[in-house]
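Below is one structure, written out as structure tokens, with a few remarks after it.
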Amino acid sequence: MNDVCVRLEGVSKRYPHFLLDNISLDLPVGSILGFIGANGAGKSTTIRILMGLVRQDSGSVQVLGHAMPAEQTAAKLDIGYVSEDMRLYGSATLAWHMNFIASIYPQWDQSYADTLVRRFDLRPEQKIKGLSHGQRVKAALLLALGRQPRLLLLDEPTTGLDPVARREVLAELMAVLADERRTIFFSSHNTLDVEQISDRIAFIDRGRIIALEEKEDLLDRWRRVRLVVPPSAVLPQFPGIVEVGGTERLPVLITNHFDPAVVSLCQDRGATVQSIDSMTLEEIFVANVQSRRELQPA
Amino acid sequence: MNSAPTNYARTNYAMVRRLILKDWYLNRWMIIGSIPAGLASLAIVLTGKQVAFLLSIILLCMVIIGVGAQLAVVTTINERKEQTLAFIMSLPVSWREYTAAKILANLIIFLIPWLAITAGALGILLLPGATHGLIPFIAIMAVEMLVTTCLIIAAGVITESQAWLTVAILCSSLGLNILGYVFAHTRGIAPQMWGMSVHWTAASCTILLAEFLVAALILALTFFVQSRKTDFL
């Protein structure tokens, strides 16, 4: 019994102006990975490699126990893929698409698909070209979920959606998560969406994974500390300082290894801790990316 | 997690069939619309005049090549342009099945009117009093149309580019005219062309065989090039 759903080992892919560099990650069965990166960071390339649609130059890729891209046909029987740049056939109806998918996937669940049609407020007899962007995304998601996939690969599915449609899509994904055997790989540059549904987080920047860990651990480690430092005081060495802002007297420190013991140490040295704030995933992502870019300019 | 050994190299013919039917369904109006155009062209022959026969052949060629080229555009170029390729490639489909489906969907649609029209044209030439000597030349030109269509389909499948497909269509049209002229003046064909009996000379047989080989080579090359691709999106 293998409990790893996705395994990437040393995966690289070179394009003329971009390098996906030595990507390694494991995704256990039943987990939800939020894959966060700026535009052009390598999110879509990674997902396309996972789908077998792009062949890696080096490294190995295992998806649901299948080596990719060689065994993509077998793997894709159990994958639901929705991408921001994926379109359905405009001249065909949603009902035609549902029948087409049902003819391919023996595990297609028509009653669940019908439920999603109602929940997403879609009309099966409507042609795809008559749907709004939000409805098209929901239709694509319906076609992916109806086939009961063991792995959902979602490449920026909520991009361009209005708040109502985004909420509907995320709510359905949350409902899907009730099935503990289902694994989700969710890429987005919208950290709010990722924060809501993910239990693991990966940051990717300029083709490299710069963080990969449990969401709660990540949120626990990062803190913004505001201090008041009198002229005579000397601050202790903070572990994991990523960014120092503010002024000399009123510094604002961002640390990725927050230790409560340092607070009392500061106070012992005459500094006043004004506040210790948790950071949002977006703030952590931006601070992480900026600090690494300062260390390793392009 | 399952990891049962499976022969992944095996082609899933059921999937290929579904993809072919998908393309035909999505382009059904164009396919259906070409039938009356083809029949109308054929009807001109019934007037019984030699000029009408030539006009009919020209119109039929235009319909066949036009439908073939348009279908190649719609089923290959538009798949990428309209971003439906990601949807299709997200299904349990390999590059081999995708390529086979695209070639077959286009080729079968072409072959149905092509076979009917070629058989019709040859049938008319076999009628008593007809210029039977034209049969080898007509057969050569019919197969030449098959070759050019294979070239157009291959360009569409391999490049997925409107520009390259246009180049292929232009080359095909030009090639058809030039080769038609060359064959009509080939020593082993020209002297017998307007006679009342059929002469399958070594030259006409060699050209026919070469045309079939070129068509097969184009299709084999398409699969080879597709197998070398590393990116499908």
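Note on naming: chains are A, B, ... as they come in the structure tokens, residues start from 1 per chain, ligands start from 1 in the order shown.
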
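Set the cut-off at 6 Å, count only C-alpha atoms, and the residues of chain A near chain B turn out to be Asn2, Leu53, Val54, Arg55, Gly65, Thr73, Lys76, Leu77, Met86, Arg87 and Leu88 of chain A.
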
Test item: residues at most 10 Å from Ala287 in chain A, only C-alpha atoms, excluding those fewer than 2 positions along its chain, as an MDAnalysis selection string: chainID A and resid 222 242:243 254:256 281:285 289:293

Let me see the file: selected residues, N, CA and C atoms, as a PDB file, in the first residue's frame.
ATOM      1  N   TRP A 222       5.651  32.131  11.367  1.00  0.00           N
ATOM      2  CA  TRP A 222       5.869  33.499  10.873  1.00  0.00           C
ATOM      3  C   TRP A 222       5.156  34.524  11.764  1.00  0.00           C
ATOM      4  N   VAL A 242      13.684  37.707   8.531  1.00  0.00           N
ATOM      5  CA  VAL A 242      13.537  37.737   7.081  1.00  0.00           C
ATOM      6  C   VAL A 242      13.540  39.168   6.579  1.00  0.00           C
ATOM      7  N   GLU A 243      12.979  40.050   7.383  1.00  0.00           N
ATOM      8  CA  GLU A 243      12.855  41.436   6.940  1.00  0.00           C
ATOM      9  C   GLU A 243      12.894  42.372   8.145  1.00  0.00           C
ATOM     10  N   ILE A 254      10.187  40.880  10.767  1.00  0.00           N
ATOM     11  CA  ILE A 254       9.435  39.704  10.310  1.00  0.00           C
ATOM     12  C   ILE A 254      10.357  38.504  10.459  1.00  0.00           C
ATOM     13  N   THR A 255       9.856  37.522  11.189  1.00  0.00           N
ATOM     14  CA  THR A 255      10.674  36.320  11.417  1.00  0.00           C
ATOM     15  C   THR A 255       9.926  35.081  10.938  1.00  0.00           C
ATOM     16  N   ASN A 256      10.679  34.139  10.415  1.00  0.00           N
ATOM     17  CA  ASN A 256      10.045  32.882   9.991  1.00  0.00           C
ATOM     18  C   ASN A 256      10.332  31.748  10.984  1.00  0.00           C
ATOM     19  N   LEU A 281      -1.307  34.318   4.862  1.00  0.00           N
ATOM     20  CA  LEU A 281      -0.521  33.528   3.914  1.00  0.00           C
ATOM     21  C   LEU A 281       0.084  34.435   2.833  1.00  0.00           C
ATOM     22  N   GLU A 282      -0.691  35.434   2.442  1.00  0.00           N
ATOM     23  CA  GLU A 282      -0.205  36.352   1.407  1.00  0.00           C
ATOM     24  C   GLU A 282       1.009  37.130   1.906  1.00  0.00           C
ATOM     25  N   GLU A 283       0.935  37.612   3.147  1.00  0.00           N
ATOM     26  CA  GLU A 283       2.064  38.363   3.706  1.00  0.00           C
ATOM     27  C   GLU A 283       3.295  37.466   3.826  1.00  0.00           C
ATOM     28  N   ILE A 284       3.054  36.234   4.253  1.00  0.00           N
ATOM     29  CA  ILE A 284       4.182  35.292   4.387  1.00  0.00           C
ATOM     30  C   ILE A 284       4.801  35.015   3.016  1.00  0.00           C
ATOM     31  N   PHE A 285       3.923  34.796   2.027  1.00  0.00           N
ATOM     32  CA  PHE A 285       4.404  34.499   0.674  1.00  0.00           C
ATOM     33  C   PHE A 285       5.238  35.658   0.126  1.00  0.00           C
ATOM     34  N   VAL A 289       9.213  35.507  -0.676  1.00  0.00           N
ATOM     35  CA  VAL A 289       9.706  35.706  -2.050  1.00  0.00           C
ATOM     36  C   VAL A 289      10.677  36.883  -2.094  1.00  0.00           C
ATOM     37  N   GLN A 290      10.296  37.984  -1.455  1.00  0.00           N
ATOM     38  CA  GLN A 290      11.150  39.170  -1.513  1.00  0.00           C
ATOM     39  C   GLN A 290      12.512  38.924  -0.871  1.00  0.00           C
ATOM     40  N   SER A 291      12.515  38.255   0.288  1.00  0.00           N
ATOM     41  CA  SER A 291      13.790  38.027   0.963  1.00  0.00           C
ATOM     42  C   SER A 291      14.691  37.131   0.119  1.00  0.00           C
ATOM     43  N   ARG A 292      14.109  36.125  -0.539  1.00  0.00           N
ATOM     44  CA  ARG A 292      14.927  35.237  -1.374  1.00  0.00           C
ATOM     45  C   ARG A 292      15.425  35.939  -2.628  1.00  0.00           C
ATOM     46  N   ARG A 293      14.575  36.822  -3.170  1.00  0.00           N
ATOM     47  CA  ARG A 293      15.000  37.542  -4.381  1.00  0.00           C
ATOM     48  C   ARG A 293      16.131  38.519  -4.055  1.00  0.00           C
TER      49      ARG A 293
END

Write down as a PDB file with N, CA and C atoms, in the first residue's frame the residues belonging to range 212-251 of chain A that are assigned helix (DSSP H, G or I) by DSSP computed on the backbone.
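Saved file part-v8.pdb follows:
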ATOM      1  N   LYS A 215       0.228  23.804   6.550  1.00  0.00           N
ATOM      2  CA  LYS A 215      -0.217  25.206   6.601  1.00  0.00           C
ATOM      3  C   LYS A 215      -0.121  25.773   8.023  1.00  0.00           C
ATOM      4  N   GLU A 216      -0.589  24.990   9.000  1.00  0.00           N
ATOM      5  CA  GLU A 216      -0.601  25.493  10.378  1.00  0.00           C
ATOM      6  C   GLU A 216       0.821  25.763  10.879  1.00  0.00           C
ATOM      7  N   ASP A 217       1.746  24.882  10.547  1.00  0.00           N
ATOM      8  CA  ASP A 217       3.145  25.088  10.951  1.00  0.00           C
ATOM      9  C   ASP A 217       3.692  26.374  10.351  1.00  0.00           C
ATOM     10  N   LEU A 218       3.356  26.584   9.085  1.00  0.00           N
ATOM     11  CA  LEU A 218       3.840  27.777   8.390  1.00  0.00           C
ATOM     12  C   LEU A 218       3.284  29.043   9.051  1.00  0.00           C
ATOM     13  N   LEU A 219       1.978  29.029   9.291  1.00  0.00           N
ATOM     14  CA  LEU A 219       1.351  30.211   9.893  1.00  0.00           C
ATOM     15  C   LEU A 219       1.859  30.429  11.317  1.00  0.00           C
ATOM     16  N   ASP A 220       2.193  29.351  12.028  1.00  0.00           N
ATOM     17  CA  ASP A 220       2.692  29.467  13.406  1.00  0.00           C
ATOM     18  C   ASP A 220       4.102  30.047  13.465  1.00  0.00           C
ATOM     19  N   ARG A 221       4.907  29.722  12.486  1.00  0.00           N
ATOM     20  CA  ARG A 221       6.315  30.125  12.525  1.00  0.00           C
ATOM     21  C   ARG A 221       6.526  31.596  12.200  1.00  0.00           C
TER      22      ARG A 221
END

Can you measure CA of Ser83 in chain A to CA of Ala140 in chain A for me? One decimal in Å is fine. 8.6 Å

For Ile31 in chain B, please output as a PDB file with N, CA and C atoms, in the first residue's frame all residues within 8 Å (counting only C-alpha atoms; exclusion window: fewer than 5 positions along the same chain).
ATOM      1  N   TRP B  24     -16.533  14.615 -35.592  1.00  0.00           N
ATOM      2  CA  TRP B  24     -17.594  14.588 -36.602  1.00  0.00           C
ATOM      3  C   TRP B  24     -18.844  15.281 -36.085  1.00  0.00           C
ATOM      4  N   VAL B  67     -13.434  20.872 -48.249  1.00  0.00           N
ATOM      5  CA  VAL B  67     -13.926  20.242 -47.023  1.00  0.00           C
ATOM      6  C   VAL B  67     -12.767  19.655 -46.224  1.00  0.00           C
ATOM      7  N   ILE B 109     -13.528  11.356 -43.391  1.00  0.00           N
ATOM      8  CA  ILE B 109     -14.447  12.343 -43.969  1.00  0.00           C
ATOM      9  C   ILE B 109     -14.052  12.659 -45.410  1.00  0.00           C
TER      10      ILE B 109
END

Name the residues in contact with Ile79 in chain A at a cut-off of 8 Å, using only C-alpha atoms, excluding same-chain residues fewer than 3 positions from it; report them as a compact mmCIF listing (two decimals) with N, CA and C atoms, in the first residue's frame.
# COMPACT_ATOMS: atom_id res chain seq x y z
N ALA A 75 -3.05 6.93 -15.59
CA ALA A 75 -3.15 7.89 -14.48
C ALA A 75 -4.33 8.83 -14.66
N LYS A 76 -4.54 9.27 -15.90
CA LYS A 76 -5.58 10.27 -16.15
C LYS A 76 -6.99 9.72 -15.98
N ALA A 144 -15.10 17.59 -14.05
CA ALA A 144 -13.96 16.96 -13.36
C ALA A 144 -14.43 16.20 -12.13
N PRO A 149 -12.76 11.62 -9.38
CA PRO A 149 -11.31 11.39 -9.48
C PRO A 149 -10.67 11.19 -8.11
N ARG A 150 -9.59 10.44 -8.08
CA ARG A 150 -8.85 10.28 -6.82
C ARG A 150 -7.90 11.44 -6.62
N LEU A 151 -7.54 12.10 -7.71
CA LEU A 151 -6.67 13.28 -7.62
C LEU A 151 -7.28 14.42 -8.43
N LEU A 152 -7.41 15.56 -7.77
CA LEU A 152 -7.91 16.75 -8.47
C LEU A 152 -6.73 17.69 -8.69
N LEU A 153 -6.45 18.00 -9.93
CA LEU A 153 -5.39 18.97 -10.25
C LEU A 153 -6.06 20.25 -10.72

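Residue neighbourhood of range 99-103 of chain B, excluding near-sequence residues (fewer than 3 positions): B:Val16, B:Leu19, B:Ile20, B:Trp95, B:Arg96, B:Asn106, B:Leu107, B:Ile153, B:Val157, B:Phe223, at 7 Å, using only C-alpha atoms.
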
Output for the residues just chosen: N, CA and C atoms as a PDB file, in the first residue's frame:
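Full text of out11.pdb as output:
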ATOM      1  N   VAL B  16     -10.081   6.271 -29.315  1.00  0.00           N
ATOM      2  CA  VAL B  16      -9.854   6.877 -30.648  1.00  0.00           C
ATOM      3  C   VAL B  16     -11.199   7.062 -31.352  1.00  0.00           C
ATOM      4  N   LEU B  19     -13.098   9.989 -29.937  1.00  0.00           N
ATOM      5  CA  LEU B  19     -12.536  11.277 -30.375  1.00  0.00           C
ATOM      6  C   LEU B  19     -12.918  11.582 -31.828  1.00  0.00           C
ATOM      7  N   ILE B  20     -12.947  10.540 -32.658  1.00  0.00           N
ATOM      8  CA  ILE B  20     -13.351  10.733 -34.060  1.00  0.00           C
ATOM      9  C   ILE B  20     -14.817  11.183 -34.111  1.00  0.00           C
ATOM     10  N   TRP B  95      -0.672  10.649 -26.742  1.00  0.00           N
ATOM     11  CA  TRP B  95      -0.401  11.406 -27.969  1.00  0.00           C
ATOM     12  C   TRP B  95      -0.705  10.554 -29.194  1.00  0.00           C
ATOM     13  N   ARG B  96      -0.463   9.229 -29.065  1.00  0.00           N
ATOM     14  CA  ARG B  96      -0.663   8.338 -30.209  1.00  0.00           C
ATOM     15  C   ARG B  96      -2.150   8.265 -30.564  1.00  0.00           C
ATOM     16  N   ASN B 106     -10.241  13.135 -40.026  1.00  0.00           N
ATOM     17  CA  ASN B 106     -10.122  13.936 -41.244  1.00  0.00           C
ATOM     18  C   ASN B 106     -10.088  13.074 -42.502  1.00  0.00           C
ATOM     19  N   LEU B 107      -9.319  11.971 -42.403  1.00  0.00           N
ATOM     20  CA  LEU B 107      -9.126  11.133 -43.587  1.00  0.00           C
ATOM     21  C   LEU B 107     -10.422  10.424 -43.991  1.00  0.00           C
ATOM     22  N   ILE B 153      -3.442  17.450 -43.563  1.00  0.00           N
ATOM     23  CA  ILE B 153      -3.778  16.922 -42.229  1.00  0.00           C
ATOM     24  C   ILE B 153      -2.512  16.857 -41.365  1.00  0.00           C
ATOM     25  N   VAL B 157      -1.930  18.646 -37.789  1.00  0.00           N
ATOM     26  CA  VAL B 157      -1.702  17.882 -36.556  1.00  0.00           C
ATOM     27  C   VAL B 157      -0.343  18.233 -35.945  1.00  0.00           C
ATOM     28  N   PHE B 223       3.243  10.549 -37.169  1.00  0.00           N
ATOM     29  CA  PHE B 223       3.339   9.819 -35.895  1.00  0.00           C
ATOM     30  C   PHE B 223       4.734   9.959 -35.292  1.00  0.00           C
TER      31      PHE B 223
END

Hey, what's within 9 Å of Thr191 in chain A if we count only C-alpha atoms and toss same-chain stuff fewer than 3 positions away? As a list in words, please? Gly34, Ile36, Ser188, Val194, Glu195, Gln196, Thr280, Leu281, Glu282 and Phe285 of chain A

Using N, CA and C atoms, can you export the residues from the last selection as a PDB file, in the first residue's frame?
ATOM      1  N   GLY A  34      -1.881  23.517  -1.373  1.00  0.00           N
ATOM      2  CA  GLY A  34      -2.029  24.819  -2.005  1.00  0.00           C
ATOM      3  C   GLY A  34      -0.706  25.195  -2.628  1.00  0.00           C
ATOM      4  N   ILE A  36       1.319  27.885  -4.348  1.00  0.00           N
ATOM      5  CA  ILE A  36       1.245  29.336  -4.513  1.00  0.00           C
ATOM      6  C   ILE A  36       2.478  29.869  -5.228  1.00  0.00           C
ATOM      7  N   SER A 188      -2.668  28.488  -7.260  1.00  0.00           N
ATOM      8  CA  SER A 188      -3.300  29.801  -7.361  1.00  0.00           C
ATOM      9  C   SER A 188      -2.293  30.878  -6.989  1.00  0.00           C
ATOM     10  N   VAL A 194      -6.418  29.678  -1.355  1.00  0.00           N
ATOM     11  CA  VAL A 194      -5.565  28.549  -0.954  1.00  0.00           C
ATOM     12  C   VAL A 194      -5.633  28.356   0.560  1.00  0.00           C
ATOM     13  N   GLU A 195      -5.597  29.475   1.276  1.00  0.00           N
ATOM     14  CA  GLU A 195      -5.601  29.404   2.748  1.00  0.00           C
ATOM     15  C   GLU A 195      -6.869  28.730   3.262  1.00  0.00           C
ATOM     16  N   GLN A 196      -7.970  28.955   2.546  1.00  0.00           N
ATOM     17  CA  GLN A 196      -9.250  28.400   2.999  1.00  0.00           C
ATOM     18  C   GLN A 196      -9.303  26.885   2.935  1.00  0.00           C
ATOM     19  N   THR A 280      -0.815  36.797   7.418  1.00  0.00           N
ATOM     20  CA  THR A 280      -1.640  36.039   6.469  1.00  0.00           C
ATOM     21  C   THR A 280      -0.718  35.274   5.532  1.00  0.00           C
ATOM     22  N   LEU A 281      -1.307  34.318   4.862  1.00  0.00           N
ATOM     23  CA  LEU A 281      -0.521  33.528   3.914  1.00  0.00           C
ATOM     24  C   LEU A 281       0.084  34.435   2.833  1.00  0.00           C
ATOM     25  N   GLU A 282      -0.691  35.434   2.442  1.00  0.00           N
ATOM     26  CA  GLU A 282      -0.205  36.352   1.407  1.00  0.00           C
ATOM     27  C   GLU A 282       1.009  37.130   1.906  1.00  0.00           C
ATOM     28  N   PHE A 285       3.923  34.796   2.027  1.00  0.00           N
ATOM     29  CA  PHE A 285       4.404  34.499   0.674  1.00  0.00           C
ATOM     30  C   PHE A 285       5.238  35.658   0.126  1.00  0.00           C
TER      31      PHE A 285
END

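Taking only C-alpha atoms, the non-local environment of range 123-129 of chain B within 10 Å (same-chain residues fewer than 5 positions away omitted) comprises Val45, Phe53, Ile117, Thr118, Leu134, Ile135, Ile138, Met196, Ser197 and Val198 of chain B.
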
Limited to N, CA and C atoms, could you put the picked residues into a file as a PDB file, in the first residue's frame?
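Everything below was put into again-v9.pdb:
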ATOM      1  N   VAL B  45     -22.520  16.849 -64.720  1.00  0.00           N
ATOM      2  CA  VAL B  45     -22.093  15.832 -65.693  1.00  0.00           C
ATOM      3  C   VAL B  45     -23.274  15.365 -66.535  1.00  0.00           C
ATOM      4  N   PHE B  53     -18.341  18.031 -68.158  1.00  0.00           N
ATOM      5  CA  PHE B  53     -17.615  16.983 -67.456  1.00  0.00           C
ATOM      6  C   PHE B  53     -16.380  17.565 -66.761  1.00  0.00           C
ATOM      7  N   ILE B 117     -16.674   9.991 -55.546  1.00  0.00           N
ATOM      8  CA  ILE B 117     -16.434  10.819 -56.733  1.00  0.00           C
ATOM      9  C   ILE B 117     -15.445  10.148 -57.686  1.00  0.00           C
ATOM     10  N   THR B 118     -14.398   9.561 -57.101  1.00  0.00           N
ATOM     11  CA  THR B 118     -13.422   8.865 -57.947  1.00  0.00           C
ATOM     12  C   THR B 118     -14.088   7.702 -58.677  1.00  0.00           C
ATOM     13  N   LEU B 134      -8.322   7.955 -70.559  1.00  0.00           N
ATOM     14  CA  LEU B 134      -8.130   8.919 -69.466  1.00  0.00           C
ATOM     15  C   LEU B 134      -8.072   8.259 -68.085  1.00  0.00           C
ATOM     16  N   ILE B 135      -8.525   7.008 -68.016  1.00  0.00           N
ATOM     17  CA  ILE B 135      -8.667   6.360 -66.703  1.00  0.00           C
ATOM     18  C   ILE B 135      -7.378   6.382 -65.869  1.00  0.00           C
ATOM     19  N   ILE B 138      -6.789   9.949 -64.583  1.00  0.00           N
ATOM     20  CA  ILE B 138      -7.773  10.345 -63.562  1.00  0.00           C
ATOM     21  C   ILE B 138      -7.456   9.639 -62.241  1.00  0.00           C
ATOM     22  N   MET B 196      -9.148   5.349 -76.936  1.00  0.00           N
ATOM     23  CA  MET B 196     -10.413   4.743 -76.533  1.00  0.00           C
ATOM     24  C   MET B 196     -10.206   3.486 -75.685  1.00  0.00           C
ATOM     25  N   SER B 197      -8.929   3.094 -75.474  1.00  0.00           N
ATOM     26  CA  SER B 197      -8.685   1.913 -74.628  1.00  0.00           C
ATOM     27  C   SER B 197      -7.738   2.278 -73.475  1.00  0.00           C
ATOM     28  N   VAL B 198      -7.836   1.498 -72.384  1.00  0.00           N
ATOM     29  CA  VAL B 198      -7.040   1.764 -71.184  1.00  0.00           C
ATOM     30  C   VAL B 198      -5.653   1.149 -71.338  1.00  0.00           C
TER      31      VAL B 198
END
